[in-house]
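> Could you have a look at this structure, given as structure tokens, before my questions?
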Number of protein chains: 2
Amino acid sequence: MNDVARRAGVSVATVSNTLNRPQLVTESTRLRVQEAIGELGFVRNSTARSLKLGVVNTVGLVLVDLGNSFFVDIARGAEGTTQEHGLSLMIANADVDLQRQDHYLNLFNEARVSGILLAPLDASLEHVSSARTAGRPVVLVNYAARGYCGVVADDELGGHLAARHLIEQGRTRLAFVGGPLTLGAVEARMRGAQRAADEAGLALVHLPTQSLNASEGRRIAAQIARMPARRRFDGVVTAADTLAMACVQDLTAVHGLTVPGEVAVTGYDDNHFASDGPIPLSTVRQPGPAMGAAAAGLLLAELTGRPQHRHRTLTLKPSLVVRNSSVDTPHQPS
Amino acid sequence: MNDVARRAGVSVATVSNTLNRPQLVTESTRLRVQEAIGELGFVRNSTARSLKLGVVNTVGLVLVDLGNSFFVDIARGAEGTTQEHGLSLMIANADVDLQRQDHYLNLFNEARVSGILLAPLDASLEHVSSARTAGRPVVLVNYAARGYCGVVADDELGGHLAARHLIEQGRTRLAFVGGPLTLGAVEARMRGAQRAADEAGLALVHLPTQSLNASEGRRIAAQIARMPARRRFDGVVTAADTLAMACVQDLTAVHGLTVPGEVAVTGYDDNHFASDGPIPLSTVRQPGPAMGAAAAGLLLAELTGRPQHRHRTLTLKPSLVVRNSSVDTPHQPS
DNA sequence: CTGTTAGCGCGTTCAT
DNA sequence: ATGAACGCGCTAACAG
């Protein structure tokens, strides 16, 4: 800045002013300063700036898993909101690794970011993280915990939506595919499906899986195909699109059953690939962008509203997306 | 740090030493300092630290589009390498917006990051970006430009791989689906496909598209289906998985053709959804993780090797992934 | 409207 | 092994 000042024939304060409070500077000197900046290729040092100001105009977002498009949606939603308020968004990918998650949390803390948005590992011991947040505003996304603001999706409702939809299509032999139930989201989705079954006076059988990936979906497809036709499940609620896609694929291509004819299947998440298959997947759409935006909103509220701020958790509603895996001619094709 | 020093009964220098050069400090005082840090919840201020040191142990990654799993793969690859060298990776999503891209480039510059990895907008006027890089090491990913190190995929080879594969399956009426050709990658892929056709003495017809999305894929499917069966294309190379998936879906479900029986189709990118459909897509896999890792490697080389560093562009090879959209029983199912 | 100057929190050199 | 003091680049009084 010294060099710029010298070149423009002014003091450093004037340079600082043209940068941060242009209205305090005469047009002519301002132009002279701008020109000097351009000629010298000056880029201001935000570390020094932040040191002086004590804050950084940036929000840190730590995501469990960038590979899951749900979290990418959250990032997009968050960025929309932060951008509107003149904040930048930095994304860090924990890649399903608690150590990395803590590393980035710590990094953002040391960097004195305005606040942190955290979509944490489900299994994450929350105290480990909380020890790292050091009083900085942290808003949880897709996770609820005391002492934090948070945004979650209503998984119970999502499970209910999916099961009720299948029941409305006349399905009576219902199954819920997913696991492990230690995952809170899976458990809630099953609970919702169970409630829908109860309301209709039907039974719901749980077909547990070790994980939510494609190979488990294939295994379940074989299991369903082996059943005698008259007793076979005709309505299958799955806990994830990955499961459902693999299941539908094997049900039809490997086992020769018809979907949705003999077996109607719903997914969960509305991942980007859900609508791209030959049998587009009926699924429950996570309100990812809205969750990201809401989380950023809560963070902004916490930033401006302290210290009389009260933590709260927002629950956003998922929505049913009807495609071909549950209905032959969907009402609302995607 | 003052507080910590006082609490531990030492000077700030000793605190700094326990943090950065523990070997200079007696075990007992070191423990005392650690304890004080824990009790006070002290988190060191990296803005001050960076200001003093002049650098930041962080690499910035600016991505055109987080929504595309190819770029997520790049991010993963880059992080693996940076992590090995004790650098953190910050990700910024330009979201296909040149302004945002410049914003984040500028942000990283002001923050004095060690270096920047940039997967830029294809259409991006490169001088706009270069004006913003201010002498900081920048490595381009998925884009080649003079004056920078870069990593690109060999799209010409990819197109050749796909077309040759179809030819080896006995296909003779070949088409290339994709556009606009102003996209360098699309043009190169077509060129490679053309070369394979030339080598086999076959013709290749270009079916241009406005973009690479699903609706264009559907349009092309209809166009192909309308052709008389004996003249219809039996080998279709597409420029993207999105196109290919939609095309395969409509070819079979809407127009009643068989894939790969009557029409064999290849995709491009190996997006995460490519293998999840009922007819898993034969496709050309982008070496995303390798590209990210290589780019980070080039950046590290540039950081350590200056000033005698010479820019270079690495070209990584894509690979063919054979699934069911081109062969009934693929040799290497995914 | 512009210039002078005192720190922001930390790392490090030089004494001790 | 430890402590005192200076400066990294910038912002914001305050003085002119």
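Chain identifiers are assigned as A, B, and so on, following the order in which chains appear in the structure tokens; residues are numbered from 1 within each chain, and ligands are numbered from 1 in order of appearance.
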Output the contact residues of chain C with respect to chain B at a cut-off of 10 Å, based on only C-alpha atoms (C1' of nucleotides), as an mmCIF file with C-alpha atoms (C1' of nucleotides), in the first residue's frame.


data_model
loop_
_atom_site.group_PDB
_atom_site.id
_atom_site.type_symbol
_atom_site.label_atom_id
_atom_site.label_comp_id
_atom_site.auth_asym_id
_atom_site.auth_seq_id
_atom_site.Cartn_x
_atom_site.Cartn_y
_atom_site.Cartn_z
ATOM 1 C "C1'" DC C 8 -4.516 -5.755 15.655
ATOM 2 C "C1'" DG C 9 -1.878 -10.970 17.393
ATOM 3 C "C1'" DC C 10 1.701 -13.349 16.357
ATOM 4 C "C1'" DG C 11 6.796 -15.051 15.262
ATOM 5 C "C1'" DT C 12 11.454 -14.289 15.847
#

> Got a sec to pull out which chain D residues are within 7 Å of chain B, counting only C-alpha atoms (C1' of nucleotides), and send them as a ChimeraX atom specification?

/D:1-3,8

> Give the answer as one residue: which of B:Pro287, B:Pro280, B:Gly184, B:Gly192 has the shortest atom-to-atom distance to chain A, using only C-alpha atoms?

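For chain A, the nearest of the candidates is B:Pro280.
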
> Write out, as JSON lines, each residue of chain A that has an atom at most 8 Å from chain B, together with the closest pair of atoms and their distance in Å to one decimal, counting only C-alpha atoms, rows going by chain and rising number.


{"residue": "A:Gly41", "atom": "CA", "partner": "B:Ala134", "partner_atom": "CA", "distance": 6.5}
{"residue": "A:Phe42", "atom": "CA", "partner": "B:Ala134", "partner_atom": "CA", "distance": 7.9}
{"residue": "A:Val43", "atom": "CA", "partner": "B:Glu110", "partner_atom": "CA", "distance": 6.0}
{"residue": "A:Arg44", "atom": "CA", "partner": "B:Glu110", "partner_atom": "CA", "distance": 5.6}
{"residue": "A:Asn45", "atom": "CA", "partner": "B:Glu110", "partner_atom": "CA", "distance": 4.9}
{"residue": "A:Ser46", "atom": "CA", "partner": "B:Glu110", "partner_atom": "CA", "distance": 5.0}
{"residue": "A:Thr47", "atom": "CA", "partner": "B:Thr47", "partner_atom": "CA", "distance": 4.9}
{"residue": "A:Ala48", "atom": "CA", "partner": "B:Leu51", "partner_atom": "CA", "distance": 5.7}
{"residue": "A:Ser50", "atom": "CA", "partner": "B:Thr47", "partner_atom": "CA", "distance": 6.5}
{"residue": "A:Leu51", "atom": "CA", "partner": "B:Thr47", "partner_atom": "CA", "distance": 5.6}
{"residue": "A:Leu66", "atom": "CA", "partner": "B:Val72", "partner_atom": "CA", "distance": 6.7}
{"residue": "A:Gly67", "atom": "CA", "partner": "B:Val72", "partner_atom": "CA", "distance": 6.5}
{"residue": "A:Ser69", "atom": "CA", "partner": "B:Gly67", "partner_atom": "CA", "distance": 7.1}
{"residue": "A:Val72", "atom": "CA", "partner": "B:Gly67", "partner_atom": "CA", "distance": 6.5}
{"residue": "A:Asp73", "atom": "CA", "partner": "B:Gly67", "partner_atom": "CA", "distance": 7.9}
{"residue": "A:Leu89", "atom": "CA", "partner": "B:Ala92", "partner_atom": "CA", "distance": 7.0}
{"residue": "A:Met90", "atom": "CA", "partner": "B:Ala92", "partner_atom": "CA", "distance": 5.6}
{"residue": "A:Ile91", "atom": "CA", "partner": "B:Ile91", "partner_atom": "CA", "distance": 4.8}
{"residue": "A:Ala92", "atom": "CA", "partner": "B:Met90", "partner_atom": "CA", "distance": 5.6}
{"residue": "A:Asn109", "atom": "CA", "partner": "B:Val43", "partner_atom": "CA", "distance": 7.2}
{"residue": "A:Glu110", "atom": "CA", "partner": "B:Asn45", "partner_atom": "CA", "distance": 4.9}
{"residue": "A:Ala111", "atom": "CA", "partner": "B:Ser46", "partner_atom": "CA", "distance": 5.1}
{"residue": "A:Arg112", "atom": "CA", "partner": "B:Asn45", "partner_atom": "CA", "distance": 7.0}
{"residue": "A:Ala134", "atom": "CA", "partner": "B:Gly41", "partner_atom": "CA", "distance": 6.6}
{"residue": "A:Ala214", "atom": "CA", "partner": "B:Asp276", "partner_atom": "CA", "distance": 7.9}
{"residue": "A:Thr242", "atom": "CA", "partner": "B:Asp276", "partner_atom": "CA", "distance": 7.7}
{"residue": "A:Met245", "atom": "CA", "partner": "B:Asp276", "partner_atom": "CA", "distance": 6.2}
{"residue": "A:Ala246", "atom": "CA", "partner": "B:Asp276", "partner_atom": "CA", "distance": 6.3}
{"residue": "A:Val248", "atom": "CA", "partner": "B:Pro278", "partner_atom": "CA", "distance": 7.4}
{"residue": "A:Gln249", "atom": "CA", "partner": "B:Pro278", "partner_atom": "CA", "distance": 4.5}
{"residue": "A:Asp250", "atom": "CA", "partner": "B:Pro278", "partner_atom": "CA", "distance": 7.6}
{"residue": "A:Thr252", "atom": "CA", "partner": "B:Pro278", "partner_atom": "CA", "distance": 7.8}
{"residue": "A:Ala253", "atom": "CA", "partner": "B:Pro278", "partner_atom": "CA", "distance": 6.7}
{"residue": "A:His272", "atom": "CA", "partner": "B:Phe273", "partner_atom": "CA", "distance": 7.7}
{"residue": "A:Phe273", "atom": "CA", "partner": "B:Phe273", "partner_atom": "CA", "distance": 5.0}
{"residue": "A:Asp276", "atom": "CA", "partner": "B:Met245", "partner_atom": "CA", "distance": 6.2}
{"residue": "A:Gly277", "atom": "CA", "partner": "B:Gly277", "partner_atom": "CA", "distance": 4.6}
{"residue": "A:Pro278", "atom": "CA", "partner": "B:Gln249", "partner_atom": "CA", "distance": 4.4}
{"residue": "A:Ile279", "atom": "CA", "partner": "B:Pro278", "partner_atom": "CA", "distance": 7.3}

> Chain B superposed on chain A over all ordered C-alpha pairs, least squares: can you write that as a compact mmCIF listing (two decimals) with C-alpha atoms, in the first residue's frame?


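Below you can see selection_23.txt, which holds the result:
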# COMPACT_ATOMS: atom_id res chain seq x y z
CA MET B 1 -0.05 -0.02 -0.01
CA ASN B 2 2.99 2.12 0.63
CA ASP B 3 4.08 1.73 -2.96
CA VAL B 4 0.64 2.64 -4.23
CA ALA B 5 0.57 5.70 -2.00
CA ARG B 6 3.96 6.86 -3.17
CA ARG B 7 3.10 6.28 -6.81
CA ALA B 8 -0.15 8.20 -6.49
CA GLY B 9 1.53 10.91 -4.46
CA VAL B 10 -0.68 10.43 -1.42
CA SER B 11 -0.48 8.81 1.97
CA VAL B 12 -1.41 5.24 2.78
CA ALA B 13 -4.45 6.46 4.64
CA THR B 14 -5.79 7.94 1.45
CA VAL B 15 -5.26 4.67 -0.34
CA SER B 16 -7.13 2.89 2.42
CA ASN B 17 -9.91 5.41 2.16
CA THR B 18 -10.34 5.07 -1.57
CA LEU B 19 -10.61 1.35 -1.01
CA ASN B 20 -12.99 1.35 1.94
CA ARG B 21 -14.67 4.74 2.12
CA PRO B 22 -14.45 6.25 -1.34
CA GLN B 23 -16.85 9.04 -0.43
CA LEU B 24 -14.17 10.61 1.77
CA VAL B 25 -11.82 11.08 -1.15
CA THR B 26 -11.83 13.59 -3.98
CA GLU B 27 -12.70 12.11 -7.31
CA SER B 28 -9.42 13.16 -8.87
CA THR B 29 -7.19 11.65 -6.19
CA ARG B 30 -9.36 8.58 -6.10
CA LEU B 31 -8.78 8.03 -9.80
CA ARG B 32 -5.09 8.60 -9.33
CA VAL B 33 -5.00 5.96 -6.63
CA GLN B 34 -7.01 3.49 -8.68
CA GLU B 35 -4.60 3.99 -11.52
CA ALA B 36 -1.60 3.36 -9.33
CA ILE B 37 -3.24 0.21 -8.02
CA GLY B 38 -3.78 -1.01 -11.55
CA GLU B 39 -0.26 -0.20 -12.68
CA LEU B 40 1.34 -1.89 -9.72
CA GLY B 41 -1.03 -4.85 -9.74
CA PHE B 42 -1.64 -4.23 -6.09
CA VAL B 43 -3.81 -6.80 -4.32
CA ARG B 44 -4.73 -5.94 -0.81
CA ASN B 45 -3.66 -8.29 1.92
CA SER B 46 -6.74 -9.67 3.59
CA THR B 47 -4.76 -11.31 6.37
CA ALA B 48 -3.59 -7.90 7.54
CA ARG B 49 -7.03 -6.46 6.99
CA SER B 50 -8.69 -9.23 8.99
CA LEU B 51 -6.15 -8.94 11.73
CA LYS B 52 -6.99 -5.30 12.12
CA LEU B 53 -10.74 -5.72 11.78
CA GLY B 54 -10.91 -8.81 13.93
CA VAL B 55 -13.31 -10.61 11.63
CA VAL B 56 -13.35 -12.21 8.22
CA ASN B 57 -16.18 -11.68 5.80
CA THR B 58 -16.38 -15.35 5.07
CA VAL B 59 -18.52 -18.25 6.14
CA GLY B 60 -16.99 -21.69 6.34
CA LEU B 61 -18.98 -24.71 5.26
CA VAL B 62 -17.79 -28.13 6.35
CA LEU B 63 -19.49 -31.00 4.55
CA VAL B 64 -19.40 -34.68 5.41
CA ASP B 65 -19.35 -35.79 1.82
CA LEU B 66 -19.15 -33.74 -1.32
CA GLY B 67 -19.75 -36.89 -3.33
CA ASN B 68 -23.38 -36.86 -2.26
CA SER B 69 -25.36 -34.41 -4.34
CA PHE B 70 -27.58 -33.65 -1.38
CA PHE B 71 -24.71 -31.82 0.25
CA VAL B 72 -23.85 -30.05 -2.94
CA ASP B 73 -27.42 -28.77 -2.98
CA ILE B 74 -26.96 -27.55 0.56
CA ALA B 75 -23.81 -25.75 -0.46
CA ARG B 76 -25.60 -24.05 -3.32
CA GLY B 77 -28.45 -22.94 -1.11
CA ALA B 78 -26.07 -21.63 1.51
CA GLU B 79 -24.06 -19.71 -1.02
CA GLY B 80 -27.14 -17.98 -2.39
CA THR B 81 -27.93 -16.56 1.00
CA THR B 82 -24.42 -15.66 2.06
CA GLN B 83 -23.82 -13.96 -1.24
CA GLU B 84 -26.86 -11.77 -0.80
CA HIS B 85 -25.34 -10.52 2.42
CA GLY B 86 -21.91 -9.86 1.02
CA LEU B 87 -20.30 -12.88 2.58
CA SER B 88 -18.16 -15.40 0.76
CA LEU B 89 -18.54 -19.12 1.24
CA MET B 90 -15.59 -21.45 1.64
CA ILE B 91 -16.27 -25.13 1.33
CA ALA B 92 -14.28 -27.88 2.99
CA ASN B 93 -14.87 -31.56 2.34
CA ALA B 94 -14.52 -33.83 5.38
CA ASP B 95 -14.94 -36.86 3.11
CA VAL B 96 -16.59 -38.94 5.82
CA ASP B 97 -13.58 -38.61 8.06
CA LEU B 98 -13.99 -37.26 11.56
CA GLN B 99 -10.40 -36.17 11.75
CA ARG B 100 -10.69 -34.08 8.65
CA GLN B 101 -13.92 -32.62 9.89
CA ASP B 102 -12.17 -31.47 13.03
CA HIS B 103 -9.21 -30.25 11.07
CA TYR B 104 -11.34 -27.95 8.95
CA LEU B 105 -13.43 -26.80 11.87
CA ASN B 106 -10.23 -25.83 13.56
CA LEU B 107 -8.92 -24.15 10.45
CA PHE B 108 -12.00 -21.99 10.13
CA ASN B 109 -11.80 -21.14 13.78
CA GLU B 110 -8.20 -20.07 13.56
CA ALA B 111 -9.05 -18.04 10.49
CA ARG B 112 -11.68 -16.15 12.47
CA VAL B 113 -14.42 -16.68 9.91
CA SER B 114 -17.70 -14.97 10.67
CA GLY B 115 -19.38 -18.29 11.26
CA ILE B 116 -19.44 -21.94 10.39
CA LEU B 117 -22.01 -24.14 8.74
CA LEU B 118 -21.49 -27.79 9.54
CA ALA B 119 -23.12 -30.80 7.95
CA PRO B 120 -21.49 -33.30 10.26
CA LEU B 121 -20.81 -36.98 10.21
CA ASP B 122 -23.82 -38.75 11.60
CA ALA B 123 -21.69 -40.80 13.92
CA SER B 124 -19.72 -37.76 15.01
CA LEU B 125 -19.32 -37.39 18.74
CA GLU B 126 -20.71 -33.96 18.97
CA HIS B 127 -18.55 -32.93 21.87
CA VAL B 128 -15.44 -33.39 19.79
CA SER B 129 -16.72 -30.84 17.39
CA SER B 130 -18.11 -28.51 20.00
CA ALA B 131 -14.75 -28.36 21.67
CA ARG B 132 -13.42 -26.97 18.45
CA THR B 133 -15.96 -24.29 17.83
CA ALA B 134 -14.60 -21.96 20.48
CA GLY B 135 -17.65 -19.80 20.81
CA ARG B 136 -17.89 -19.06 17.13
CA PRO B 137 -21.42 -19.25 15.74
CA VAL B 138 -21.97 -22.69 14.31
CA VAL B 139 -25.13 -23.80 12.56
CA LEU B 140 -25.70 -27.48 12.04
CA VAL B 141 -27.17 -28.77 8.81
CA ASN B 142 -28.84 -32.15 8.59
CA TYR B 143 -28.18 -32.77 12.26
CA ALA B 144 -29.84 -31.64 15.43
CA ALA B 145 -28.04 -30.99 18.68
CA ARG B 146 -28.64 -28.95 21.77
CA GLY B 147 -26.74 -25.72 22.02
CA TYR B 148 -26.74 -25.06 18.31
CA CYS B 149 -29.00 -23.66 15.71
CA GLY B 150 -29.75 -26.26 13.13
CA VAL B 151 -31.71 -27.21 10.06
CA VAL B 152 -32.97 -30.71 9.48
CA ALA B 153 -35.31 -32.42 7.09
CA ASP B 154 -38.40 -34.12 8.38
CA ASP B 155 -37.42 -37.70 7.67
CA GLU B 156 -40.39 -39.13 9.48
CA LEU B 157 -42.67 -37.17 7.17
CA GLY B 158 -40.66 -38.32 4.16
CA GLY B 159 -41.11 -41.94 5.09
CA HIS B 160 -44.78 -41.32 5.61
CA LEU B 161 -45.16 -39.61 2.24
CA ALA B 162 -43.51 -42.48 0.43
CA ALA B 163 -45.48 -45.23 2.15
CA ARG B 164 -48.79 -43.41 1.89
CA HIS B 165 -48.20 -42.89 -1.80
CA LEU B 166 -47.70 -46.60 -2.35
CA ILE B 167 -50.78 -47.39 -0.29
CA GLU B 168 -52.78 -44.94 -2.38
CA GLN B 169 -51.67 -46.87 -5.43
CA GLY B 170 -53.35 -49.90 -3.94
CA ARG B 171 -50.25 -51.60 -2.60
CA THR B 172 -50.86 -53.73 0.45
CA ARG B 173 -47.77 -55.88 1.02
CA LEU B 174 -45.30 -53.28 2.17
CA ALA B 175 -41.62 -53.43 2.94
CA PHE B 176 -39.11 -50.90 4.16
CA VAL B 177 -35.56 -51.40 2.91
CA GLY B 178 -32.67 -49.77 4.71
CA GLY B 179 -30.23 -49.73 7.55
CA PRO B 180 -28.46 -49.63 9.82
CA LEU B 181 -31.07 -48.12 12.09
CA THR B 182 -28.34 -46.43 14.08
CA LEU B 183 -28.47 -43.84 11.34
CA GLY B 184 -31.03 -41.43 12.71
CA ALA B 185 -32.38 -40.53 9.30
CA VAL B 186 -33.02 -44.13 8.32
CA GLU B 187 -34.77 -44.83 11.58
CA ALA B 188 -37.02 -41.80 11.19
CA ARG B 189 -37.92 -42.69 7.62
CA MET B 190 -38.92 -46.15 8.69
CA ARG B 191 -40.94 -44.75 11.55
CA GLY B 192 -42.86 -42.55 9.11
CA ALA B 193 -43.50 -45.45 6.79
CA GLN B 194 -44.69 -47.51 9.72
CA ARG B 195 -47.11 -44.78 10.73
CA ALA B 196 -48.59 -44.70 7.23
CA ALA B 197 -48.98 -48.47 7.30
CA ASP B 198 -50.61 -48.32 10.71
CA GLU B 199 -53.03 -45.67 9.52
CA ALA B 200 -54.07 -47.96 6.67
CA GLY B 201 -54.21 -51.03 8.86
CA LEU B 202 -51.40 -52.69 6.92
CA ALA B 203 -48.22 -54.41 7.98
CA LEU B 204 -44.76 -53.16 7.13
CA VAL B 205 -41.84 -55.56 7.02
CA HIS B 206 -38.32 -54.28 7.59
CA LEU B 207 -35.68 -55.60 5.22
CA PRO B 208 -32.49 -54.48 6.91
CA THR B 209 -29.34 -53.54 5.02
CA GLN B 210 -25.77 -53.07 6.18
CA SER B 211 -25.42 -49.84 4.29
CA LEU B 212 -27.20 -47.70 1.75
CA ASN B 213 -25.20 -48.66 -1.31
CA ALA B 214 -26.05 -50.36 -4.57
CA SER B 215 -24.82 -53.86 -3.70
CA GLU B 216 -27.23 -54.04 -0.79
CA GLY B 217 -29.99 -52.94 -3.14
CA ARG B 218 -29.17 -55.82 -5.44
CA ARG B 219 -29.18 -58.26 -2.57
CA ILE B 220 -32.61 -57.10 -1.51
CA ALA B 221 -33.88 -57.40 -5.08
CA ALA B 222 -32.87 -61.03 -5.12
CA GLN B 223 -34.50 -61.57 -1.78
CA ILE B 224 -37.76 -60.08 -3.00
CA ALA B 225 -37.64 -61.99 -6.29
CA ARG B 226 -37.30 -65.29 -4.44
CA MET B 227 -40.61 -64.80 -2.67
CA PRO B 228 -43.70 -66.57 -4.00
CA ALA B 229 -45.55 -64.16 -6.26
CA ARG B 230 -48.77 -64.01 -4.25
CA ARG B 231 -47.00 -63.10 -1.04
CA ARG B 232 -44.32 -60.95 -2.61
CA PHE B 233 -44.02 -57.31 -1.53
CA ASP B 234 -45.77 -55.06 -4.01
CA GLY B 235 -44.82 -51.80 -2.36
CA VAL B 236 -41.23 -51.15 -1.34
CA VAL B 237 -40.09 -48.01 0.45
CA THR B 238 -36.33 -47.68 0.41
CA ALA B 239 -34.21 -45.42 2.56
CA ALA B 240 -32.07 -44.11 -0.28
CA ASP B 241 -32.02 -43.65 -4.05
CA THR B 242 -28.84 -45.66 -4.34
CA LEU B 243 -30.60 -48.67 -2.85
CA ALA B 244 -33.71 -48.10 -4.90
CA MET B 245 -31.96 -47.69 -8.24
CA ALA B 246 -29.98 -50.89 -7.85
CA CYS B 247 -33.04 -52.70 -6.58
CA VAL B 248 -35.22 -51.62 -9.50
CA GLN B 249 -32.52 -52.46 -11.97
CA ASP B 250 -32.04 -56.00 -10.73
CA LEU B 251 -35.73 -56.60 -10.16
CA THR B 252 -36.39 -55.91 -13.84
CA ALA B 253 -33.22 -56.80 -15.71
CA VAL B 254 -32.05 -59.77 -13.66
CA HIS B 255 -35.18 -61.22 -12.12
CA GLY B 256 -37.65 -60.41 -14.86
CA LEU B 257 -40.21 -58.70 -12.68
CA THR B 258 -42.05 -55.56 -13.73
CA VAL B 259 -41.68 -52.23 -12.00
CA PRO B 260 -44.03 -50.70 -11.06
CA GLY B 261 -46.41 -53.49 -12.25
CA GLU B 262 -45.47 -56.22 -9.83
CA VAL B 263 -43.37 -54.20 -7.44
CA ALA B 264 -43.60 -50.46 -6.89
CA VAL B 265 -40.49 -48.88 -5.43
CA THR B 266 -39.72 -45.49 -3.96
CA GLY B 267 -36.32 -44.00 -3.34
CA TYR B 268 -35.18 -41.26 -1.02
CA ASP B 269 -33.07 -38.13 -1.57
CA ASP B 270 -33.81 -37.33 -5.19
CA ASN B 271 -30.19 -37.58 -6.09
CA HIS B 272 -29.28 -36.17 -9.46
CA PHE B 273 -29.25 -39.55 -11.08
CA ALA B 274 -32.71 -40.54 -9.81
CA SER B 275 -34.52 -39.17 -12.83
CA ASP B 276 -32.00 -40.27 -15.43
CA GLY B 277 -32.55 -44.00 -15.43
CA PRO B 278 -34.81 -45.97 -17.80
CA ILE B 279 -37.31 -46.26 -15.02
CA PRO B 280 -37.10 -42.85 -13.38
CA LEU B 281 -37.38 -43.19 -9.68
CA SER B 282 -40.28 -42.04 -7.58
CA THR B 283 -38.57 -40.57 -4.60
CA VAL B 284 -38.69 -38.20 -1.67
CA ARG B 285 -36.91 -35.00 -2.48
CA GLN B 286 -34.72 -33.59 0.22
CA PRO B 287 -35.06 -29.84 0.50
CA GLY B 288 -31.30 -29.43 0.11
CA PRO B 289 -31.08 -25.92 -1.31
CA ALA B 290 -33.68 -24.70 1.15
CA MET B 291 -31.79 -26.29 4.01
CA GLY B 292 -28.59 -24.60 2.97
CA ALA B 293 -30.32 -21.27 2.61
CA ALA B 294 -32.10 -21.64 5.93
CA ALA B 295 -28.90 -22.59 7.69
CA ALA B 296 -27.13 -19.57 6.30
CA GLY B 297 -30.10 -17.47 7.39
CA LEU B 298 -29.88 -18.79 10.93
CA LEU B 299 -26.19 -18.05 10.96
CA LEU B 300 -26.78 -14.48 9.86
CA ALA B 301 -29.44 -14.09 12.52
CA GLU B 302 -27.03 -15.38 15.12
CA LEU B 303 -24.33 -13.02 13.92
CA THR B 304 -26.52 -9.95 14.12
CA GLY B 305 -28.74 -10.93 17.00
CA ARG B 306 -26.29 -11.64 19.71
CA PRO B 307 -26.14 -11.84 22.62
CA GLN B 308 -29.88 -12.18 23.10
CA HIS B 309 -29.90 -14.89 20.46
CA ARG B 310 -31.74 -18.11 21.17
CA HIS B 311 -30.83 -21.32 19.39
CA ARG B 312 -33.48 -23.01 17.33
CA THR B 313 -33.79 -25.92 14.99
CA LEU B 314 -35.75 -25.59 11.77
CA THR B 315 -37.39 -28.65 10.30
CA LEU B 316 -37.95 -28.48 6.56
CA LYS B 317 -40.39 -30.66 4.72
CA PRO B 318 -39.32 -33.07 2.04
CA SER B 319 -41.64 -33.56 -0.91
CA LEU B 320 -42.78 -36.54 -2.87
CA VAL B 321 -41.66 -36.77 -6.47
CA VAL B 322 -43.73 -39.27 -8.40
CA ARG B 323 -42.03 -40.87 -11.35
CA ASN B 324 -42.25 -44.24 -13.06
CA SER B 325 -41.00 -46.62 -10.43
CA SER B 326 -44.28 -46.44 -8.53
CA VAL B 327 -46.86 -45.37 -11.12
CA ASP B 328 -47.16 -46.21 -14.79
CA THR B 329 -48.10 -42.73 -15.88
CA PRO B 330 -47.11 -40.29 -13.19
CA HIS B 331 -49.11 -37.16 -12.72
CA GLN B 332 -46.09 -34.96 -12.19
CA PRO B 333 -43.31 -36.29 -14.38
CA SER B 334 -40.00 -34.65 -13.71

> Please run DSSP on the backbone and report, as a VMD selection string, all residues within range 245-333 of chain A that come out as helix (DSSP H, G or I).

chain A and resid 245 to 254 272 to 275 288 to 305

> Go ahead and save the picked residues with C-alpha atoms, as a short mmCIF file (atom, residue, chain, number, x, y, z; two decimals), in the first residue's frame.


data_model
loop_
_atom_site.label_atom_id
_atom_site.label_comp_id
_atom_site.auth_asym_id
_atom_site.auth_seq_id
_atom_site.Cartn_x
_atom_site.Cartn_y
_atom_site.Cartn_z
CA MET A 245 -31.93 -47.65 -8.24
CA ALA A 246 -29.96 -50.85 -7.84
CA CYS A 247 -33.02 -52.66 -6.59
CA VAL A 248 -35.19 -51.56 -9.51
CA GLN A 249 -32.48 -52.39 -11.98
CA ASP A 250 -32.01 -55.95 -10.75
CA LEU A 251 -35.70 -56.52 -10.17
CA THR A 252 -36.35 -55.84 -13.85
CA ALA A 253 -33.18 -56.72 -15.70
CA VAL A 254 -32.01 -59.68 -13.65
CA HIS A 272 -29.28 -36.09 -9.41
CA PHE A 273 -29.23 -39.48 -11.05
CA ALA A 274 -32.69 -40.48 -9.80
CA SER A 275 -34.51 -39.11 -12.82
CA GLY A 288 -31.30 -29.40 0.13
CA PRO A 289 -31.08 -25.89 -1.28
CA ALA A 290 -33.69 -24.67 1.18
CA MET A 291 -31.80 -26.28 4.03
CA GLY A 292 -28.58 -24.59 3.00
CA ALA A 293 -30.31 -21.25 2.65
CA ALA A 294 -32.09 -21.63 5.97
CA ALA A 295 -28.89 -22.59 7.73
CA ALA A 296 -27.12 -19.56 6.34
CA GLY A 297 -30.08 -17.47 7.44
CA LEU A 298 -29.87 -18.80 10.98
CA LEU A 299 -26.18 -18.06 11.02
CA LEU A 300 -26.75 -14.50 9.91
CA ALA A 301 -29.41 -14.11 12.58
CA GLU A 302 -27.02 -15.42 15.18
CA LEU A 303 -24.31 -13.05 13.97
CA THR A 304 -26.50 -9.98 14.20
CA GLY A 305 -28.73 -10.96 17.07
#

> Could you state the separation of C1' of DC1 in chain C and C1' of DG9 in chain D in Å, given to one decimal place?

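Here the two named atoms are 23.7 Å from each other.
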